[in-house]
Structures are given as structure tokens and as C-alpha cells.
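Asks: Below is one structure. I have some questions about it.
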Amino acid sequence: MNSRIKEKGERKLAVTSYIVTIVFIVLGVLPLVWLLLTSLMDNDSIDATTPKFIPDIPKSISITLDYSGQPDQNEDFYLKDAMKATWFPWMANIRENIGEIKIKGVKDGHELYSSKTTSASFSVGQPFIVPTQVFNDTVMKAKLPRIKASGLSDFNWYGQGKQAKTGDGTLSDKPLSKNLQTFFSDRKLLDGKLTSLEQSGNWVRLFDSYRSLNILASEAKVSLGFYHYFLNSLLVCAVVIVWQLVFGAMASYALSQLVRNKKTKFIVLMYFLMTIMIPGVSVLIPQYLLMQKLKLVDNIWAIILPHFAWGFVIFLFKGFFDQLPKELLQAARVDGASEFRTFVRIVIPMSIPVFTIVAVMTFIPVWNDFLWPYVVTKSPHNWTFTVAMNDLQGGANPRANWISASGVVSMIPLLLVFMGTQGAIEKGINFTGIKG
Amino acid sequence: MGNQLELKQDTVIREQTQTRTRATFKIRWTPILFLLPSLIVFFVFKYYLIFDAIYISLFNYDIVNPPGNFVGLGNYFEFLKSATFWVAMKNTLIFFVLSVLIVFWVPIAQALFLSQVKRWNAFYRVLYQIPGVLPVVAGVLLWKWMYNPDRGLFNYLLAKIGLGPYGWLNDLHMTKLAIVLPGFFTGGGISVLLYYAAIKSISAELFEAAKIDGCGPWRRMVIIILPNITFVILIQFVGFMSGVLLSFDNIFVMTQGGPADASLVVALMIQRTAFVQSRFGISAALSFFMFIVIAVLTIVQFRLQKEDD
């Protein structure tokens with residue numbers, strides 16, 4: 001490479017440096033890997049006294065029920081039978097990592113119906129559909145409307161229309177399948193005759209905790225399940241960033257280039273910068289009382305508005321605008337451009353780096369914000385995801401893999417932001433001299 | 001409150017008249033229009049609020065029928081006399097010491113060694129940012145399970161090497177350590193970049209000179225790099241202090257201040273006295289106390305920064 005002579009100790013330092021760097025990075029990334037892995041596990045693996053590190057492939061159960069030789073019945077009768085064959089044995093074997101149960105109903109060579117329930121649906125529906133280990137016909141009769149209304153189980157009714165593929169009639173002898181067969185033969189719950197029960201693995205169901213987040217709280221809490229909260233957080237961030245990029249930039253530009261009186265300039269600058277001394281927690285109570293007066297408690301605007309006043313943004317912008325070449329701005333003025341036009345046409349295109357920095361520096365704390373949204377929102381409809389996650393851990397049905405799945409999703413925006421703007425951040429550290 | 005509003009309008013008017021007299025018979029509206037939205041939101045969400053906090057702190061505040069009885073500085077004396085406040089102060093001090101020992105030096109060490117890494121340096125700098133993308137609340141929940149005394153990852157791994165089991169968050173003496181420890185793993189994030197930039201800005205001649213004087217690579221790190229970034233470290237340290245004093249989210253989500261107030265800090269006390277006990281007056285007095293402390297620290301930090309530039 002180059003001809004310089006290696007110094008004594010240089011190599012040792014280089015090797016140590018690589019090792020230390022890699023160790024620190026591994027330490028930092030390990031918890032995130034653990035988060036990702038647990039989001040793919042079932043809850044019993046997470047809660048096990050000897051933790052597992054590799055997620056198991058969820059089991060897929062296919063059951064065929066034969067109704068040949070029985071009188072014809074209506075659709076609801078078969079739906080009930082299929083649901084009994086799905087929810088009851090699943091609840092009885094809740095500690096098994098079942099990914100999905102598929103039921104096929106056949107009668108005299110026709111396929112009557114098919115039904116499919118995934119673990120995403122089961123884990124959401126379990127607390128209200130099969131809360132206990134009581135399994136009988138009456139219970140299912142009572143729960144059937146709930147199942148239908150929530151749409152947790154897919155049910156396709158074919159009537160006489162569909163030719164059945166002759167099932168191969170195998171009854172799997174894997175441990176879980178044996179358990180299920182015993183369950184069916186002991187309880188005698190089903191009207192159809194169990195003709196085949198197959199068990200396989202389906203890795204697609206590993207990602208069901210993410211799907212659970214989507215159907216979570218479909219019990220009318222919020223429209224989009226957990227993703228609703230992420231959208232709320234994104235909305236808050238977007239509005240705050242837009243405000244800062246427009247009005248924060250305008251104020252700092254005016255301060256930097258338009259106000260010519262030194263004394264006014266100093267007073268206004270101090271007016272903005274002094275607020276950096278006021279921590280959020282110090283104004284928590286008056287801020288809450290103010291929102292009460294404005295009738296904004298439990299409104300998403302109550303989360304957004306306080307973020308508009310941020311001295312640090314003015315500090316960043318002004319540091320950059322102070323360095324703009326005066327001659328260029330003067331030239332534009334001489335050409336007769338209005339101040340506003342100069343700002344839009346000349347200043348903004350030159351200031352893309354500082355706009356990037358401000359957007360990132362605004363996004364991170366607003367996305368992470370917890371205390372204020374927690375205090376000012378009441379109904380889940382207005383929660384940001386941080387409030388929702390805190391609720392998830394203390395809620396009635398805390399499922400570890402939901403928490404980790406939401407954790408993984410919550411990393412995505414910041415990950416994209418960092419990947420996309422690393423260069424800009426590093427440049428920004430140099431030109432703004434951020435020291436805090 | 002009306003008083004402050006008048007004062008505010010007064011400054012705006014004064015500013016207008018100043019520009020009017022100076023500009024050649026033309027009011028320069030543009031700067032005023034550019035500044036106005038920000039002036040208003042800063043007034044409402046910063047100045048009005050902090051003065052309102054002071055105002056509330058002087059009353060035995062009654063939320064139904066505000067402001068309630070005037071008690072003067074009574075609220076301040078009350079919290080100064082309460083045992084809980086001093087527990088919170090003591091906890092804050094311990095949190096601070098633990099954070100300095102476990103967290104503060106990490107980004108400095110990371111940047112120091114990173115500056116010696118030649119190959120793939122930019123890549124490592126990106127990787128250092130990765131732990132920071134996990135939102136605080138999500139990270140805390142993750143650590144909370146790992147701390148679970150019966151089923152957590154930590155006790156399992158420690159048992160393998162013959163240690164434990166530990167109570168972690170349930171243990172009066174360990175809970176503070178357990179709250180601070182994640183910061184070590186998360187590392188410095190953006191502050192790594194900051195220290196790194198500071199190290200890179202040291203002139204190469206300084207290194208060459210030291211080399212000629214027979215100073216080895218390890219000694220150069222101690223003798224040249226460290227003294228040249230002391231100022232950045234100092235500034236960061238002051239910022240770090242306010243960060244520790246203000247920490248709320250991680251403690252609240254992890255322990256809510258428990259067990260038995262072992263992790264209670266002033267920020268949590270503010271939230272608790274206001275929104276759990278409805279004692280807004282005391283809470284406001286604590287808020288103002290917090291403001292004074294943070295204000296002093298911020299001023300110190302700005303002073304240092306100015307000197308550094």
C-alpha cells in the first residue's frame with residue numbers, strides 16, 4: 001500500500017480499535033435482534049423458563065369433516081360445527097404453537113364449506129370467544145354472532161356446487177394431532193365425522209403477530225388496529241415538521257437577514273433562545289390547563305401545538321442563514337425581487353442541508369414523545385404509538401409478541417430517516433456546531 | 001395574564017416603530033410577517049406557560065374553582081419539608097452517578113477507537129446509529145422482560161455462569177442500576193458522531209509533531225486527542241446532566257417510580273402530584289424548581305459553547 005514504516009504499537013492499536021468497535025456495535029444491536037426474534041415467536045416460547053432463541057415454525061392443521069348420510073342442514077349449522085372444530089381444540093391446546101386451523105366439510109362427494117382461522121385471529125379473539133376451558137354446544141351457539149361479526153374466521157360456503165377432492169383419509173400421528181384426535185373423540189362435540197387430520201409447518205404464520213396488530217382492537221376501539229397509533233404519530237410528526245420548516249425557517253431568516261436593527265435583533269433572538277431553558281416537564285401542568293381552556297384535551301392538536309415553539313430549531317436555522325452570502329441576497333433585491341420571492345427562490349434552494357437537519361432533529365423527539373401525549377389524551381382514538389405501547393404492557397391481554405412486533409414496526413421510520421440522512425447529519429454537526 | 005399580553009404587544013409595537021423610523025418612510029412588513037407566527041406560538045407555549053406555572057405554584061390550586069386559596073411560598077416550603085422530595089433528590093443523585101459511570105463515557109470511547117478505524121469507517125458510523133432507532137418506550141418494554149426475575153433472559157444467562165437469580169426491577173437496591181444499564185448497550189448515537197467530528201478536526205500536524213517526539217500511538221490518544229476534545233466533553237457533560245435530571249419516560253414505563261419509591265425522581269413527582277393526587281399547586285412549585293435547575297445548567301452549557309467557538 002504505502003511505503004511508510006509501521007510504528008511500534010500501531011498494529012496493536014488498530015486491532016484493538018476494530019475489536020472494540022465491533023463489540024460495541026454487537027452489544028447495541030443484540031437487543032434489537034432479540035426484539036425481532038421474539039416478534040416471530042409464540043408467547044409460550046417467550047415466557048418459557050429456558051428462553052428459546054430461534055422461533056419455531058408454527059403448525060398448520062387441516063381437518064376434514066364428513067357429513068355423508070346426515071340430513072341436509074342450513075349454513076349456520078355447518079358454520080357452528082366448523083367453529084367448534086377450530087376454537088375449542090385450539091383453546092384446549094393453547095400452549096402449542098398452532099399457526100392455523102383449516103376445516104373442510106364434505107358430504108356425499110361434495111365440498112360443503114371450507115374455513116380457515118389463523119393465529120393472528122385466534123390471539124385477538126381468544127379473550128372474548130373462548131375465555132375459559134368450557135367447551136360445549138351452548139357456548140358456541142352464544143359466541144357464533146361474535147365470530148361472524150368480527151370476521152376472525154374465514155368461512156366459505158359452497159353448498160352443493162363444489163366437487164370434493166377425495167381426501168386421503170390420513171390421521172396424522174404427531175403428538176399435537178394425537179391430542180386433537182383424543183379431544184374430538186372424548187368430547188363428542190362435532191356433528192361431522194373426523195375423516196382426516198393432517199399436520200404440517202407453515203412459516204408464513206411466523207409473521208402473525210404483525211397481522212394481529214392490524215386486527216387488534218377491532219372491537220371498535222380504533223379503526224385500523226394498532227397501526228392507527230402509528231399513523232397518529234406520523235401525522236403529529238408531519239404537521240410539526242411542516243410548521244418548523246415553514247415558520248421556523250421564516251422567523252430565523254427574518255432574524256438573520258431582514259431585521260437590521262442590532263438591538264431588536266438581539267432582543268428577538270434572546271426571546272426565542274431563552275425558551276431552550278424551559279424543560280417540557282416544567283410547563284406540564286399549565287400546558288394541560290391551557291388545553292383544557294382551549295377545549296383541546298383529548299384532541300390530536302393538543303399533542304401537536306406545543307411542539308411549534310422550539311428554540312433549538314431557530315438556533316439551527318439562524319446559524320445557517322447567518323452564513324449565506326450577503327452579495328447574492330443583495331443582488332436579488334437590486335433586481336427588484338420582493339423579500340418573500342428572494343426567500344423562496346434563492347434562500348430555500350441553497351438551504352436544503354439545514355432543512356434536512358431540522359426535519360430529522362424535529363422528527364426524533366416528536367416520534368419518541370411519551371409524557372405529554374400520555375397526559376393529554378384519554379381515548380385510544382387519539383393515542384400515539386408510545387402511549388399505546390405503554391398501555392399494551394399493562395392491558396388486560398398483554399401478549400409479548402405483540403409488544404415486540406409493535407417495537408419492530410416502531411423502528412422503521414427512524415431507521416429510514418437515519419439511513420437516508422446520515423450524510424446530512426454529519427455535515428450538519430460540522431456547520432451548525434450542535435453540541436447538545 | 002392580561003398584563004403579560006399587553007407587555008408582549010408593547011414589544012411588537014416598539015419593534016414596528018423602530019423599523020418605521022429607520023426605513024425610508026416605508027414600513028418593512030416582511031420581517032414582521034415572517035416573525036409573527038413564531039413570536040405568537042413562543043409566547044403562548046413558553047412564556048405564558050412558565051409564568052402560569054409560577055402563578056399556580058402560589059396557590060393551593062383548585063382545578064374546579066381556580067385559582068383557590070393564595071398560599072404564597074407555602075407550596076415551596078411544603079415540598080422542601082416532604083420526605084418524598086428528598087428521596088427523589090437522593091435518587092436523582094444516584095441516577096446521575098450511575099449514568100456517568102455506565103453511560104456517559106461510552107460515546108467518548110466509541111469515538112476514540114472509531115477514529116483509529118480506517119476501513120469501512122462510514123459503515124461503522126451508520127451502525128452506531130442503529131440502536132438509537134428504537135423508540136425509548138419500546139426499548140424499555142424489551143428490557144423489562146429481559147429483567148423478569150423468573151423468565152427473563154438475564155437471569156437465565158447469568159445462571160449459566162453461576163450467578164443470580166437477581167430481582168432486578170423488583171429489588172430496591174438494583175432497580176436504579178437496571179434502569180441505567182440499557183444506556184450502555186444503546187451507546188452514544190448522535191453524540192458518537194459529535195465526538196468523532198471533534199477528533200477529526202484536530203490538526204494532523206499535532207499528531208506528526210508528537211510522532212517525531214517519539215510519542216507512540218497509544219500515548220498520542222491520551223496526550224493529544226483527549227485534551228483537544230475536553231471542551232466538547234465538558235459541554236456534553238452539562239447537557240448530559242440536564243438529561244439525567246429530566247429523565248421521565250424510561251423510569252415511568254419501567255417502574256413508575258417503584259418499588260417503594262426507589263426509582264422516584266422529581267419529574268415523576270411532578271406528574272404524580274398533579275395527575276394522580278390532583279395537588280396542582282405543589283406540582284407547579286416542583287416544576288418551577290426544576291426550571292431553575294435546568295436554566296442554570298443550560299446557561300452554563302451555552303457559555304461553554306461560546307468559549308469553545
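In the C-alpha cells, chains take letters A, B, ... by order of appearance, with residues numbered from 1 within each chain and ligands from 1 in the order shown.
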Extract, using only C-alpha atoms, all DNA, RNA and protein residues at most 8 Å from region 119-127 of chain B, discarding same-chain residues fewer than 4 positions from it, and format them as a PyMOL selection string.

Replies: (chain A and resi 21+25+418-419+422) or (chain B and resi 114+193)

Asks: Atoms to include: all heavy atoms. Write the selected residues as a JSON list (two decimals), in the first residue's frame.

Replies:
[["chain", "number", "residue", "atom", "x", "y", "z"],
["A", 21, "THR", "N", -14.76, -1.53, 18.50],
["A", 21, "THR", "CA", -15.86, -1.00, 17.70],
["A", 21, "THR", "C", -16.89, -2.09, 17.43],
["A", 21, "THR", "O", -18.10, -1.88, 17.61],
["A", 21, "THR", "CB", -15.32, -0.45, 16.38],
["A", 21, "THR", "OG1", -14.33, 0.53, 16.67],
["A", 21, "THR", "CG2", -16.43, 0.18, 15.56],
["A", 25, "ILE", "N", -20.81, -2.36, 18.73],
["A", 25, "ILE", "CA", -21.91, -2.43, 17.77],
["A", 25, "ILE", "C", -22.76, -3.67, 18.03],
["A", 25, "ILE", "O", -24.00, -3.61, 18.05],
["A", 25, "ILE", "CB", -21.38, -2.39, 16.32],
["A", 25, "ILE", "CG1", -20.92, -0.98, 16.00],
["A", 25, "ILE", "CG2", -22.45, -2.83, 15.34],
["A", 25, "ILE", "CD1", -20.16, -0.82, 14.72],
["A", 418, "PHE", "N", -32.50, 7.65, 9.40],
["A", 418, "PHE", "CA", -31.06, 7.62, 9.61],
["A", 418, "PHE", "C", -30.31, 7.17, 8.38],
["A", 418, "PHE", "O", -29.30, 7.74, 7.99],
["A", 418, "PHE", "CB", -30.70, 6.72, 10.79],
["A", 418, "PHE", "CG", -30.71, 7.45, 12.09],
["A", 418, "PHE", "CD1", -31.61, 7.13, 13.07],
["A", 418, "PHE", "CD2", -29.80, 8.48, 12.32],
["A", 418, "PHE", "CE1", -31.64, 7.82, 14.26],
["A", 418, "PHE", "CE2", -29.82, 9.17, 13.51],
["A", 418, "PHE", "CZ", -30.75, 8.83, 14.49],
["A", 419, "MET", "N", -30.83, 6.12, 7.73],
["A", 419, "MET", "CA", -30.18, 5.63, 6.51],
["A", 419, "MET", "C", -30.12, 6.73, 5.46],
["A", 419, "MET", "O", -29.14, 6.88, 4.76],
["A", 419, "MET", "CB", -30.97, 4.44, 5.94],
["A", 419, "MET", "CG", -30.98, 3.24, 6.83],
["A", 419, "MET", "SD", -29.41, 2.40, 6.80],
["A", 419, "MET", "CE", -29.73, 1.00, 7.83],
["A", 422, "GLN", "N", -27.87, 10.18, 7.03],
["A", 422, "GLN", "CA", -26.63, 10.11, 7.80],
["A", 422, "GLN", "C", -25.64, 11.19, 7.34],
["A", 422, "GLN", "O", -25.05, 11.91, 8.14],
["A", 422, "GLN", "CB", -26.01, 8.73, 7.63],
["A", 422, "GLN", "CG", -24.63, 8.60, 8.25],
["A", 422, "GLN", "CD", -24.69, 8.06, 9.67],
["A", 422, "GLN", "OE1", -25.75, 7.69, 10.14],
["A", 422, "GLN", "NE2", -23.58, 8.02, 10.35],
["B", 114, "LEU", "N", -13.12, 4.54, 17.18],
["B", 114, "LEU", "CA", -13.58, 4.66, 15.79],
["B", 114, "LEU", "C", -12.62, 5.51, 14.97],
["B", 114, "LEU", "O", -12.40, 5.26, 13.79],
["B", 114, "LEU", "CB", -14.99, 5.28, 15.78],
["B", 114, "LEU", "CG", -15.72, 5.28, 14.45],
["B", 114, "LEU", "CD1", -15.97, 3.85, 13.99],
["B", 114, "LEU", "CD2", -17.04, 6.02, 14.56],
["B", 193, "LEU", "N", -21.03, 10.66, 16.71],
["B", 193, "LEU", "CA", -20.68, 11.45, 15.53],
["B", 193, "LEU", "C", -20.06, 12.79, 15.95],
["B", 193, "LEU", "O", -19.13, 13.29, 15.33],
["B", 193, "LEU", "CB", -21.92, 11.71, 14.67],
["B", 193, "LEU", "CG", -22.63, 10.48, 14.13],
["B", 193, "LEU", "CD1", -23.83, 10.88, 13.29],
["B", 193, "LEU", "CD2", -21.68, 9.63, 13.30]]

Asks: Go through region 52-163 of chain B residue by residue and, counting only C-alpha atoms, keep those with an atom at most 10 Å from region 269-291 of chain A; for each kept residue give the shortest atom pair and its distance in Å to one decimal, ordered by chain and increasing number, as CSV.

Replies:
residue,atom,partner,partner_atom,distance
B:Asp52,CA,A:Pro286,CA,6.0
B:Ala53,CA,A:Pro286,CA,5.7
B:Ile54,CA,A:Pro286,CA,9.4
B:Tyr55,CA,A:Pro286,CA,9.5
B:Ile56,CA,A:Pro286,CA,8.0
B:Ile63,CA,A:Leu289,CA,8.7

Asks: Write out, as a PDB file, in the first residue's frame, the residues just selected, with N, CA, C and O atoms.

Replies:
ATOM      1  N   ASP B  52     -47.454  31.097  34.086  1.00  0.00           N
ATOM      2  CA  ASP B  52     -48.634  30.477  34.669  1.00  0.00           C
ATOM      3  C   ASP B  52     -48.225  29.439  35.722  1.00  0.00           C
ATOM      4  O   ASP B  52     -48.871  29.317  36.765  1.00  0.00           O
ATOM      5  N   ALA B  53     -47.137  28.704  35.454  1.00  0.00           N
ATOM      6  CA  ALA B  53     -46.654  27.719  36.430  1.00  0.00           C
ATOM      7  C   ALA B  53     -46.288  28.410  37.735  1.00  0.00           C
ATOM      8  O   ALA B  53     -46.631  27.931  38.824  1.00  0.00           O
ATOM      9  N   ILE B  54     -45.613  29.566  37.620  1.00  0.00           N
ATOM     10  CA  ILE B  54     -45.246  30.307  38.828  1.00  0.00           C
ATOM     11  C   ILE B  54     -46.506  30.758  39.565  1.00  0.00           C
ATOM     12  O   ILE B  54     -46.635  30.605  40.779  1.00  0.00           O
ATOM     13  N   TYR B  55     -47.473  31.277  38.793  1.00  0.00           N
ATOM     14  CA  TYR B  55     -48.728  31.768  39.360  1.00  0.00           C
ATOM     15  C   TYR B  55     -49.445  30.646  40.111  1.00  0.00           C
ATOM     16  O   TYR B  55     -49.819  30.791  41.275  1.00  0.00           O
ATOM     17  N   ILE B  56     -49.573  29.491  39.442  1.00  0.00           N
ATOM     18  CA  ILE B  56     -50.261  28.346  40.061  1.00  0.00           C
ATOM     19  C   ILE B  56     -49.540  27.903  41.337  1.00  0.00           C
ATOM     20  O   ILE B  56     -50.174  27.549  42.328  1.00  0.00           O
ATOM     21  N   ILE B  63     -58.764  23.006  40.928  1.00  0.00           N
ATOM     22  CA  ILE B  63     -58.984  22.899  39.485  1.00  0.00           C
ATOM     23  C   ILE B  63     -60.434  23.180  39.107  1.00  0.00           C
ATOM     24  O   ILE B  63     -60.731  23.675  38.022  1.00  0.00           O
TER      25      ILE B  63
END

Asks: If you take only C-alpha atoms and a cut-off of 12 Å, which residues of region 342-417 of chain A touch region 251-265 of chain A, and what are their nearest atom pairs and distances in Å to one decimal, in chain and number order, as CSV?

Replies:
residue,atom,partner,partner_atom,distance
A:Thr342,CA,A:Tyr253,CA,11.0
A:Phe343,CA,A:Tyr253,CA,8.2
A:Val344,CA,A:Tyr253,CA,11.1
A:Val347,CA,A:Tyr253,CA,8.9
A:Ile348,CA,A:Tyr253,CA,10.2
A:Ser351,CA,A:Tyr253,CA,10.9
A:Val354,CA,A:Ser252,CA,11.8

Asks: Report, in Å with one decimal, the straight-line distance from CA of Ala138 (chain B) to CA of Ser406 (chain A).

Replies: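 Rounded to one decimal, the two atoms are 8.0 Å apart.
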
Asks: Neighbouring residues of Gly248 (chain A) were defined as those with any atom within 7 Å, considering only C-alpha atoms; residues of the same chain fewer than 6 positions away were excluded. Please report them as a list in words.

Replies: Val313 and Ile314 of chain A; Ser38 of chain B

Asks: Create the file for the chosen residues now, containing N, CA and C atoms and written as a PDB file, in the first residue's frame.

Replies:
ATOM      1  N   VAL A 313     -34.718  24.890  17.089  1.00  0.00           N
ATOM      2  CA  VAL A 313     -34.861  24.975  15.632  1.00  0.00           C
ATOM      3  C   VAL A 313     -34.408  26.347  15.137  1.00  0.00           C
ATOM      4  N   ILE A 314     -34.821  27.398  15.861  1.00  0.00           N
ATOM      5  CA  ILE A 314     -34.416  28.756  15.483  1.00  0.00           C
ATOM      6  C   ILE A 314     -32.889  28.863  15.532  1.00  0.00           C
TER       7      ILE A 314
ATOM      8  N   SER B  38     -44.143  32.742  14.725  1.00  0.00           N
ATOM      9  CA  SER B  38     -43.267  32.153  15.744  1.00  0.00           C
ATOM     10  C   SER B  38     -43.334  32.945  17.039  1.00  0.00           C
TER      11      SER B  38
END

Asks: Excluding Lys144 (chain B) and its own-chain neighbours fewer than 6 positions away, which residues fall within 10 Å of it when counting only C-alpha atoms? Please give them as a PDB file with N, CA, C and O atoms, in the first residue's frame.

Replies:
ATOM      1  N   GLN A 393     -48.590  -3.041  27.533  1.00  0.00           N
ATOM      2  CA  GLN A 393     -47.897  -3.826  28.555  1.00  0.00           C
ATOM      3  C   GLN A 393     -48.752  -4.005  29.804  1.00  0.00           C
ATOM      4  O   GLN A 393     -48.646  -4.998  30.489  1.00  0.00           O
TER       5      GLN A 393
ATOM      6  N   ALA B 138     -40.405   1.578  23.520  1.00  0.00           N
ATOM      7  CA  ALA B 138     -40.281   0.208  23.029  1.00  0.00           C
ATOM      8  C   ALA B 138     -39.059  -0.462  23.652  1.00  0.00           C
ATOM      9  O   ALA B 138     -39.125  -1.612  24.092  1.00  0.00           O
ATOM     10  N   GLY B 152     -36.870 -14.072  32.683  1.00  0.00           N
ATOM     11  CA  GLY B 152     -36.118 -13.131  31.854  1.00  0.00           C
ATOM     12  C   GLY B 152     -34.824 -13.708  31.325  1.00  0.00           C
ATOM     13  O   GLY B 152     -34.257 -14.649  31.880  1.00  0.00           O
ATOM     14  N   TRP B 168     -33.628  -7.656  39.980  1.00  0.00           N
ATOM     15  CA  TRP B 168     -33.623  -6.520  39.050  1.00  0.00           C
ATOM     16  C   TRP B 168     -34.609  -5.431  39.458  1.00  0.00           C
ATOM     17  O   TRP B 168     -34.426  -4.804  40.484  1.00  0.00           O
ATOM     18  N   LEU B 169     -35.676  -5.270  38.687  1.00  0.00           N
ATOM     19  CA  LEU B 169     -36.584  -4.141  38.928  1.00  0.00           C
ATOM     20  C   LEU B 169     -37.372  -4.296  40.216  1.00  0.00           C
ATOM     21  O   LEU B 169     -37.921  -3.331  40.738  1.00  0.00           O
ATOM     22  N   ALA B 178     -30.651  -1.155  37.079  1.00  0.00           N
ATOM     23  CA  ALA B 178     -31.381  -1.784  35.977  1.00  0.00           C
ATOM     24  C   ALA B 178     -31.945  -0.735  35.027  1.00  0.00           C
ATOM     25  O   ALA B 178     -32.034  -0.962  33.820  1.00  0.00           O
ATOM     26  N   ILE B 179     -32.322   0.425  35.564  1.00  0.00           N
ATOM     27  CA  ILE B 179     -32.868   1.471  34.699  1.00  0.00           C
ATOM     28  C   ILE B 179     -31.769   2.129  33.870  1.00  0.00           C
ATOM     29  O   ILE B 179     -31.979   2.489  32.715  1.00  0.00           O
ATOM     30  N   VAL B 253     -42.086   4.134  32.429  1.00  0.00           N
ATOM     31  CA  VAL B 253     -42.542   2.909  31.775  1.00  0.00           C
ATOM     32  C   VAL B 253     -41.964   1.682  32.472  1.00  0.00           C
ATOM     33  O   VAL B 253     -42.606   0.652  32.596  1.00  0.00           O
ATOM     34  N   MET B 254     -40.747   1.814  32.986  1.00  0.00           N
ATOM     35  CA  MET B 254     -40.103   0.650  33.600  1.00  0.00           C
ATOM     36  C   MET B 254     -40.663   0.342  34.979  1.00  0.00           C
ATOM     37  O   MET B 254     -41.034  -0.786  35.260  1.00  0.00           O
ATOM     38  N   THR B 255     -40.738   1.330  35.859  1.00  0.00           N
ATOM     39  CA  THR B 255     -41.096   1.031  37.255  1.00  0.00           C
ATOM     40  C   THR B 255     -42.176   1.943  37.838  1.00  0.00           C
ATOM     41  O   THR B 255     -42.615   1.704  38.955  1.00  0.00           O
TER      42      THR B 255
END

Asks: For the structure I just gave you, how does DSSP split region 44-185 of chain B - specifically, which residues are alpha helix (DSSP H)? Reply as number ranges by chain.

Replies: B: 49-57, 74-81, 83-99, 105-114, 121-129, 136-146, 153-160, 175-180, 182-185

Asks: Have a look at CA of Ser121 (chain A) and CA of Ser212 (chain A) and let me know their distance in Å, one decimal.

Replies: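 According to the coordinates, CA of Ser121 (chain A) and CA of Ser212 (chain A) are separated by 6.6 Å.
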
Asks: Between B:Leu163, B:Val140, B:Ile40, B:Ile108, which is the closest to Gly407 (chain A) once you count only C-alpha atoms?

Replies: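 Smallest separation from Gly407 (chain A) among the options: B:Val140.
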
Asks: Which residue is closest to chain A? Choose from B:Leu158, B:Ala260, B:Leu177, B:Val106 and count only C-alpha atoms.

Replies: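 Smallest distance to chain A is found for B:Val106.
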
Asks: Near Trp145 (chain B), within 10 Å and counting only C-alpha atoms, which residues show up once chain neighbours fewer than 4 positions away are dropped, as a list in words?

Replies: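 The contact residues come out as Ile46, Asp47 and Ala400 of chain A; Val140, Leu141, Pro149, Asp150, Arg151, Gly152, Leu153 and Phe154 of chain B.
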
Asks: Between CA of Val100 (chain B) and CA of Ala14 (chain A), what is the spacing in Å?

Replies: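 Interatomic distance, CA of Ala14 (chain A) to CA of Val100 (chain B): 27.1 Å.
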
Asks: Considering only C-alpha atoms, return as an MDAnalysis selection string whatever protein or nucleic-acid residues lie within 12 Å of Gln244 (chain A), sequence-local ones (same chain, fewer than 2 positions apart) excluded.

Replies: (chainID A and resid 237:242 246:252 304:317 354:363) or (chainID B and resid 37:38 41)

Asks: Show which residues sit within 12 Å of Ala120 (chain A), as an NGL selection string. Count only C-alpha atoms, and ignore same-chain residues fewer than 2 positions away.

Replies: :A and (40 or 42 or 58 or 97-101 or 116-118 or 122-126 or 152-153 or 204-216 or 399 or 401-402)

Asks: With only C-alpha atoms as the atoms that count, which of A:Trp87, A:Lys326, A:Trp243, A:His381 lies nearest to chain B?

Replies: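 Using only C-alpha atoms, the shortest distance to chain B belongs to A:Trp243.
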